[in-house]
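A.B. asks: What follows is a single structure, and I will ask about it in a moment.
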Amino acid sequence: MHKLFPSQMDDEKIYLVVREHWFHLLLKILIWLFFAAALIVFNRYALPKLLDFAPAWAGIIKLFTEVYTLFLALALFLIFNFWYLNIQIITNIRVVDVDQEGLFFHVVSELHIDKIEDVTSQVGGIFGTIFNYGDVLVQTAGTVERFEFPNVPNPAAIEKLILDLYEEHSNLSKVGKGTNP
Amino acid sequence: MNLSNPANLLIAVIYYILAGLISFFSIFGIYILMRYGKSTPFALTVALLYGFIFLAILNQSYQTLQSILV
């Protein structure tokens, strides 16, 4: 079984694995498309005129467009990478936030269910309301005061799931304590 | 490649710096995808696809550089 995070236990039940809503990924890709379109427009309209003006520069211009294409390919790959590697996981024992903050900084934060103090979900803005995505904020009693799940789909359901797991965990703890006279 | 010409040398240096940086970030991007993406088939496919596309464009750009620096 491949583990989603380093300390995952074999008998730990994964309830939910969530990433940023696809609409946010789409927004980043649209920005990327703007830069890709700039290259296409340049090749289609500006390049012929430039070559008429300075034919000796044809090779250099071609090299420049190819290096620019390399940048575009890398940018798209990194957009996907950061979306794919930033995940939030809810198990029966804890909540895990895996953040890839840049290429060289990987952060894994864990919060045990019994350390949860408060859970809030919020949906804001036109697109958040239409596509039902928003933030889930988990207030903790741990070192990290607040866990944030930004731009996740169906935040109300995630909030409910976390609270249900907290209730279940609390009930199990009470049963464990209450059986002995 | 004719690098005795200062203009050619400048073009080659700039190209190697840019291509080197892009290659470094690409390799590191593939590495972190493999490491933290847990080598799932999906992550592997994306990494391979990107690798092929990147190498194809890099090869094309290098051939263009060679044709300029003759």
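Identifiers in the structure tokens: chain A, B, ... in order shown; residue index from 1 per chain; ligand index from 1 in order shown.
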For Phe5 (chain A), please output as a PDB file with C-alpha atoms, in the first residue's frame all residues within 12 Å (counting only C-alpha atoms; exclusion window: fewer than 6 positions along the same chain).
C.D. replies:
ATOM      1  CA  GLU A  12      -5.478   3.876   9.438  1.00  0.00           C
ATOM      2  CA  ILE A  14      -8.521   7.275   4.863  1.00  0.00           C
ATOM      3  CA  VAL A  17      -8.171  13.098   0.106  1.00  0.00           C
ATOM      4  CA  LEU A  85       1.203  17.702  -4.466  1.00  0.00           C
ATOM      5  CA  ASN A  86      -0.832  20.029  -2.235  1.00  0.00           C
ATOM      6  CA  ILE A  87      -3.323  17.720  -0.568  1.00  0.00           C
ATOM      7  CA  GLN A  88      -5.356  17.495   2.592  1.00  0.00           C
ATOM      8  CA  ILE A  89      -6.142  14.088   4.028  1.00  0.00           C
ATOM      9  CA  ILE A  90      -8.730  13.149   6.630  1.00  0.00           C
ATOM     10  CA  THR A  91      -8.350   9.809   8.359  1.00  0.00           C
ATOM     11  CA  ARG A  94      -6.026  12.750  12.221  1.00  0.00           C
ATOM     12  CA  VAL A  95      -6.135  15.511   9.682  1.00  0.00           C
ATOM     13  CA  VAL A  96      -3.047  15.909   7.512  1.00  0.00           C
ATOM     14  CA  ASP A  97      -2.078  18.919   5.451  1.00  0.00           C
ATOM     15  CA  VAL A  98       0.622  18.304   2.837  1.00  0.00           C
ATOM     16  CA  ASP A  99       1.976  21.529   1.343  1.00  0.00           C
ATOM     17  CA  HIS A 106       7.694  20.436   1.482  1.00  0.00           C
ATOM     18  CA  VAL A 107       5.637  20.683   4.671  1.00  0.00           C
ATOM     19  CA  VAL A 108       3.523  17.961   6.273  1.00  0.00           C
ATOM     20  CA  SER A 109       1.341  19.032   9.196  1.00  0.00           C
ATOM     21  CA  GLU A 110      -0.737  16.609  11.230  1.00  0.00           C
TER      22      GLU A 110
ATOM     23  CA  ARG B  35       9.036  11.445  -4.456  1.00  0.00           C
ATOM     24  CA  TYR B  36       5.937  13.119  -3.029  1.00  0.00           C
ATOM     25  CA  GLY B  37       3.494  11.867  -5.659  1.00  0.00           C
ATOM     26  CA  LYS B  38       4.346   8.394  -4.382  1.00  0.00           C
TER      27      LYS B  38
END
A.B. asks: For a quick test of understanding: name the residues of chain B lying within 7 Å of chain A when counting only C-alpha atoms, and present them as a list in words.
C.D. replies: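 Close to chain A, chain B has Ile22, Ser26, Gly29, Leu33, Tyr36, Gly37, Lys38, Phe54, Ile57, Ser61, Thr64, Leu65 and Ile68 of chain B.
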A.B. asks: Using N, CA and C atoms, can you write the selected residues to a file as a PDB file, in the first residue's frame?
C.D. replies:
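Output contents, as saved in again.pdb:
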ATOM      1  N   ILE B  22      16.430  26.011 -16.798  1.00  0.00           N
ATOM      2  CA  ILE B  22      15.145  25.343 -17.081  1.00  0.00           C
ATOM      3  C   ILE B  22      15.293  23.839 -16.882  1.00  0.00           C
ATOM      4  N   SER B  26      13.310  21.573 -14.198  1.00  0.00           N
ATOM      5  CA  SER B  26      12.515  20.466 -14.744  1.00  0.00           C
ATOM      6  C   SER B  26      12.865  19.162 -14.046  1.00  0.00           C
ATOM      7  N   GLY B  29      11.591  19.257 -10.602  1.00  0.00           N
ATOM      8  CA  GLY B  29      10.143  19.107 -10.609  1.00  0.00           C
ATOM      9  C   GLY B  29       9.731  17.650 -10.778  1.00  0.00           C
ATOM     10  N   LEU B  33       7.891  15.281  -7.935  1.00  0.00           N
ATOM     11  CA  LEU B  33       6.637  14.622  -8.320  1.00  0.00           C
ATOM     12  C   LEU B  33       6.740  13.122  -8.051  1.00  0.00           C
ATOM     13  N   TYR B  36       7.111  12.796  -3.840  1.00  0.00           N
ATOM     14  CA  TYR B  36       5.937  13.119  -3.029  1.00  0.00           C
ATOM     15  C   TYR B  36       4.641  12.668  -3.691  1.00  0.00           C
ATOM     16  N   GLY B  37       4.672  12.402  -4.989  1.00  0.00           N
ATOM     17  CA  GLY B  37       3.494  11.867  -5.659  1.00  0.00           C
ATOM     18  C   GLY B  37       3.387  10.365  -5.493  1.00  0.00           C
ATOM     19  N   LYS B  38       4.358   9.812  -4.745  1.00  0.00           N
ATOM     20  CA  LYS B  38       4.346   8.394  -4.382  1.00  0.00           C
ATOM     21  C   LYS B  38       4.416   7.476  -5.588  1.00  0.00           C
ATOM     22  N   PHE B  54       9.772  17.969 -23.064  1.00  0.00           N
ATOM     23  CA  PHE B  54      10.854  18.877 -22.728  1.00  0.00           C
ATOM     24  C   PHE B  54      12.111  18.551 -23.534  1.00  0.00           C
ATOM     25  N   ILE B  57      11.798  19.626 -27.213  1.00  0.00           N
ATOM     26  CA  ILE B  57      11.948  21.071 -27.429  1.00  0.00           C
ATOM     27  C   ILE B  57      13.399  21.481 -27.197  1.00  0.00           C
ATOM     28  N   SER B  61      15.864  23.248 -29.860  1.00  0.00           N
ATOM     29  CA  SER B  61      16.510  24.541 -29.599  1.00  0.00           C
ATOM     30  C   SER B  61      18.032  24.417 -29.740  1.00  0.00           C
ATOM     31  N   THR B  64      18.909  24.494 -33.308  1.00  0.00           N
ATOM     32  CA  THR B  64      18.809  25.880 -33.803  1.00  0.00           C
ATOM     33  C   THR B  64      20.061  26.662 -33.408  1.00  0.00           C
ATOM     34  N   LEU B  65      20.499  26.451 -32.168  1.00  0.00           N
ATOM     35  CA  LEU B  65      21.712  27.136 -31.711  1.00  0.00           C
ATOM     36  C   LEU B  65      22.904  26.750 -32.569  1.00  0.00           C
ATOM     37  N   ILE B  68      22.867  28.472 -35.844  1.00  0.00           N
ATOM     38  CA  ILE B  68      23.197  29.908 -35.758  1.00  0.00           C
ATOM     39  C   ILE B  68      24.708  30.091 -35.637  1.00  0.00           C
TER      40      ILE B  68
END
A.B. asks: Where in region 43-142 of chain A does DSSP assign helix (DSSP H, G or I), given as a PyMOL selection string?
C.D. replies: chain A and resi 43-53+55-85+113-115+126-131
A.B. asks: Take the residues that were just selected and, keeping N, CA and C atoms, output them as a compact mmCIF listing (two decimals), in the first residue's frame.
C.D. replies:
# COMPACT_ATOMS: atom_id res chain seq x y z
N ASN A 43 4.34 34.55 -33.36
CA ASN A 43 4.75 33.74 -34.52
C ASN A 43 3.90 34.04 -35.75
N ARG A 44 2.62 34.30 -35.51
CA ARG A 44 1.68 34.46 -36.63
C ARG A 44 1.77 35.84 -37.26
N TYR A 45 1.88 36.86 -36.41
CA TYR A 45 1.74 38.22 -36.93
C TYR A 45 3.05 39.03 -36.88
N ALA A 46 3.76 38.94 -35.77
CA ALA A 46 4.93 39.81 -35.62
C ALA A 46 6.16 39.23 -36.32
N LEU A 47 6.31 37.93 -36.29
CA LEU A 47 7.51 37.29 -36.82
C LEU A 47 7.73 37.55 -38.32
N PRO A 48 6.71 37.39 -39.17
CA PRO A 48 6.96 37.67 -40.60
C PRO A 48 7.44 39.09 -40.84
N LYS A 49 6.85 40.05 -40.14
CA LYS A 49 7.24 41.45 -40.32
C LYS A 49 8.67 41.66 -39.80
N LEU A 50 9.00 41.01 -38.71
CA LEU A 50 10.33 41.13 -38.12
C LEU A 50 11.37 40.54 -39.08
N LEU A 51 11.03 39.44 -39.70
CA LEU A 51 11.97 38.77 -40.61
C LEU A 51 12.16 39.60 -41.88
N ASP A 52 11.09 40.29 -42.31
CA ASP A 52 11.23 41.19 -43.47
C ASP A 52 12.18 42.34 -43.13
N PHE A 53 12.07 42.79 -41.89
CA PHE A 53 12.85 43.94 -41.45
C PHE A 53 14.32 43.56 -41.22
N PRO A 55 16.24 40.08 -41.74
CA PRO A 55 16.33 38.64 -42.06
C PRO A 55 17.51 37.94 -41.42
N ALA A 56 18.56 38.69 -41.09
CA ALA A 56 19.73 38.07 -40.46
C ALA A 56 19.42 37.57 -39.06
N TRP A 57 18.36 38.08 -38.45
CA TRP A 57 18.03 37.72 -37.08
C TRP A 57 17.11 36.50 -36.99
N ALA A 58 16.84 35.86 -38.12
CA ALA A 58 15.88 34.75 -38.14
C ALA A 58 16.25 33.64 -37.16
N GLY A 59 17.54 33.25 -37.18
CA GLY A 59 17.97 32.17 -36.31
C GLY A 59 17.81 32.51 -34.84
N ILE A 60 18.21 33.72 -34.49
CA ILE A 60 18.14 34.15 -33.08
C ILE A 60 16.70 34.23 -32.62
N ILE A 61 15.83 34.74 -33.49
CA ILE A 61 14.41 34.85 -33.11
C ILE A 61 13.83 33.45 -32.92
N LYS A 62 14.23 32.55 -33.82
CA LYS A 62 13.73 31.16 -33.71
C LYS A 62 14.22 30.55 -32.38
N LEU A 63 15.48 30.80 -32.03
CA LEU A 63 16.03 30.28 -30.78
C LEU A 63 15.27 30.86 -29.59
N PHE A 64 15.00 32.16 -29.65
CA PHE A 64 14.26 32.81 -28.57
C PHE A 64 12.88 32.20 -28.38
N THR A 65 12.17 31.95 -29.48
CA THR A 65 10.83 31.36 -29.36
C THR A 65 10.91 29.93 -28.81
N GLU A 66 11.96 29.21 -29.14
CA GLU A 66 12.08 27.84 -28.61
C GLU A 66 12.40 27.85 -27.12
N VAL A 67 13.25 28.77 -26.69
CA VAL A 67 13.53 28.88 -25.25
C VAL A 67 12.27 29.33 -24.50
N TYR A 68 11.51 30.23 -25.10
CA TYR A 68 10.25 30.67 -24.51
C TYR A 68 9.28 29.50 -24.38
N THR A 69 9.28 28.63 -25.39
CA THR A 69 8.42 27.43 -25.34
C THR A 69 8.86 26.51 -24.20
N LEU A 70 10.16 26.42 -23.99
CA LEU A 70 10.66 25.62 -22.86
C LEU A 70 10.13 26.18 -21.54
N PHE A 71 10.18 27.50 -21.40
CA PHE A 71 9.63 28.14 -20.19
C PHE A 71 8.15 27.81 -20.02
N LEU A 72 7.41 27.87 -21.12
CA LEU A 72 5.97 27.59 -21.04
C LEU A 72 5.73 26.15 -20.60
N ALA A 73 6.49 25.23 -21.18
CA ALA A 73 6.32 23.82 -20.80
C ALA A 73 6.63 23.62 -19.33
N LEU A 74 7.73 24.23 -18.86
CA LEU A 74 8.09 24.11 -17.45
C LEU A 74 7.02 24.72 -16.56
N ALA A 75 6.51 25.87 -16.95
CA ALA A 75 5.48 26.56 -16.14
C ALA A 75 4.24 25.69 -16.00
N LEU A 76 3.81 25.09 -17.11
CA LEU A 76 2.60 24.25 -17.05
C LEU A 76 2.84 23.02 -16.17
N PHE A 77 4.02 22.46 -16.30
CA PHE A 77 4.37 21.29 -15.49
C PHE A 77 4.37 21.65 -14.01
N LEU A 78 4.93 22.80 -13.67
CA LEU A 78 4.99 23.20 -12.26
C LEU A 78 3.60 23.57 -11.72
N ILE A 79 2.77 24.16 -12.56
CA ILE A 79 1.38 24.46 -12.13
C ILE A 79 0.69 23.16 -11.75
N PHE A 80 0.84 22.16 -12.64
CA PHE A 80 0.24 20.86 -12.32
C PHE A 80 0.86 20.29 -11.06
N ASN A 81 2.18 20.30 -10.96
CA ASN A 81 2.91 19.73 -9.82
C ASN A 81 2.40 20.26 -8.50
N PHE A 82 2.34 21.58 -8.38
CA PHE A 82 1.95 22.19 -7.12
C PHE A 82 0.49 21.90 -6.80
N TRP A 83 -0.35 21.82 -7.82
CA TRP A 83 -1.75 21.46 -7.56
C TRP A 83 -1.84 20.01 -7.09
N TYR A 84 -1.08 19.13 -7.73
CA TYR A 84 -1.16 17.70 -7.44
C TYR A 84 -0.58 17.35 -6.07
N LEU A 85 0.49 18.07 -5.69
CA LEU A 85 1.20 17.70 -4.47
C LEU A 85 0.66 18.39 -3.22
N ILE A 113 -7.31 14.12 15.78
CA ILE A 113 -8.73 14.47 15.85
C ILE A 113 -9.11 15.02 17.23
N ASP A 114 -8.52 14.46 18.29
CA ASP A 114 -8.92 14.90 19.62
C ASP A 114 -8.36 16.27 20.00
N LYS A 115 -7.50 16.83 19.13
CA LYS A 115 -6.94 18.16 19.41
C LYS A 115 -7.76 19.27 18.72
N ILE A 126 -18.42 35.00 -6.15
CA ILE A 126 -19.38 34.50 -7.15
C ILE A 126 -19.02 33.07 -7.55
N PHE A 127 -17.75 32.88 -7.89
CA PHE A 127 -17.36 31.56 -8.39
C PHE A 127 -17.38 30.52 -7.29
N GLY A 128 -17.02 30.92 -6.07
CA GLY A 128 -17.10 29.99 -4.96
C GLY A 128 -18.52 29.52 -4.72
N THR A 129 -19.47 30.44 -4.86
CA THR A 129 -20.88 30.10 -4.66
C THR A 129 -21.39 29.21 -5.79
N ILE A 130 -21.02 29.56 -7.01
CA ILE A 130 -21.52 28.78 -8.16
C ILE A 130 -20.93 27.37 -8.15
N PHE A 131 -19.61 27.29 -7.94
CA PHE A 131 -18.95 25.99 -8.03
C PHE A 131 -18.80 25.29 -6.69
A.B. asks: I want to know what sits within 9 Å of region 4-8 of chain B, based on only C-alpha atoms, with residues of the same chain fewer than 2 positions away left out; could you give that as a list in words?
C.D. replies: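 Skipping anything fewer than 2 positions along the chain leaves Met1, Asn2, Leu10, Ile11, Ala12, Val13, Ile68, Leu69 and Val70 of chain B.
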A.B. asks: Excluding Ala141 (chain A) and any residue of its chain fewer than 2 positions from it, enumerate the residues within 7 Å of it, using only C-alpha atoms, and give them as JSON, numbers by chain.
C.D. replies: {"A": [115, 116, 117, 145]}
